[in-house]
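Visitor: Pasting a structure below so you can have a look.
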Amino acid sequence: MMYRLPFLYGGIDKAIEVDMDDVEEFENQCRMKDFPCDPEIFELSCLLIEEHNLVAPENSSEAVDLYVRLRELILLAL
């Protein structure tokens, strides 16, 4: 009730109308492509993962660790 009818409890309804075409466009822009970044960086990252025996992350913390490690390896290669 408080969510749907906030004025009954002294609240203000801050809901706004959203055009569904805009929602679909934003969803399309956010959808993952064939790969998550520049194709060359993606290929290089895959090669580095294999070369350094790195493993795919199972959670967000491991994903950050992998990202940092790959970034270090790529910067060393420059």
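Chain lettering (A, B, ...) mirrors the order of the structure tokens, residue numbering begins at 1 for each chain separately, and ligand numbering begins at 1 in order of display.
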Apply DSSP to the backbone of this structure and, from chain A, keep only the residues in alpha helix (DSSP H); write these as a VMD selection string.

Guide: chain A and resid 20 to 30 39 to 51 60 to 77

Visitor: How would the residues just chosen look if you wrote them out with C-alpha atoms as a short mmCIF file (atom, residue, chain, number, x, y, z; two decimals), in the first residue's frame?

Guide:
```
data_model
loop_
_atom_site.label_atom_id
_atom_site.label_comp_id
_atom_site.auth_asym_id
_atom_site.auth_seq_id
_atom_site.Cartn_x
_atom_site.Cartn_y
_atom_site.Cartn_z
CA MET A 20 8.47 1.51 -23.68
CA ASP A 21 10.35 2.23 -26.94
CA ASP A 22 12.99 4.01 -24.84
CA VAL A 23 13.17 1.05 -22.45
CA GLU A 24 13.71 -1.38 -25.34
CA GLU A 25 16.41 0.85 -26.83
CA PHE A 26 18.24 1.07 -23.50
CA GLU A 27 18.00 -2.71 -23.08
CA ASN A 28 19.51 -3.19 -26.55
CA GLN A 29 22.36 -0.83 -25.71
CA CYS A 30 23.09 -2.69 -22.46
CA PRO A 39 37.94 -7.63 -30.07
CA GLU A 40 41.74 -7.37 -29.97
CA ILE A 41 41.83 -6.87 -26.19
CA PHE A 42 39.43 -9.78 -25.76
CA GLU A 43 41.62 -12.06 -27.89
CA LEU A 44 44.77 -10.94 -26.08
CA SER A 45 43.08 -11.53 -22.71
CA CYS A 46 42.07 -15.05 -23.73
CA LEU A 47 45.64 -15.80 -24.80
CA LEU A 48 47.05 -14.43 -21.53
CA ILE A 49 44.56 -16.45 -19.48
CA GLU A 50 45.66 -19.61 -21.25
CA GLU A 51 49.38 -18.75 -21.18
CA SER A 60 32.73 -10.70 -8.50
CA SER A 61 35.79 -10.63 -6.27
CA GLU A 62 37.60 -13.16 -8.46
CA ALA A 63 36.52 -11.21 -11.56
CA VAL A 64 38.14 -8.06 -10.18
CA ASP A 65 41.32 -9.99 -9.37
CA LEU A 66 41.43 -11.43 -12.90
CA TYR A 67 40.84 -7.99 -14.41
CA VAL A 68 43.68 -6.46 -12.37
CA ARG A 69 46.04 -9.32 -13.31
CA LEU A 70 45.17 -9.08 -17.01
CA ARG A 71 45.61 -5.33 -16.91
CA GLU A 72 49.07 -5.74 -15.40
CA LEU A 73 50.04 -8.30 -18.03
CA ILE A 74 48.77 -6.15 -20.90
CA LEU A 75 50.56 -3.05 -19.61
CA LEU A 76 53.80 -5.04 -19.29
CA ALA A 77 53.45 -6.09 -22.92
#
```

Visitor: Please measure the separation of CA of Asp34 (chain A) and CA of Val18 (chain A), giving the value in Å to one decimal.

Guide: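 Going from CA of Asp34 (chain A) over to CA of Val18 (chain A) covers 28.9 Å.
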
Visitor: Mind giving me the straight-line distance from CA of Glu17 (chain A) to CA of Met2 (chain A) in Å, one decimal?

Guide: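 Answer for the CA of Glu17 (chain A) to CA of Met2 (chain A) separation: 19.1 Å.
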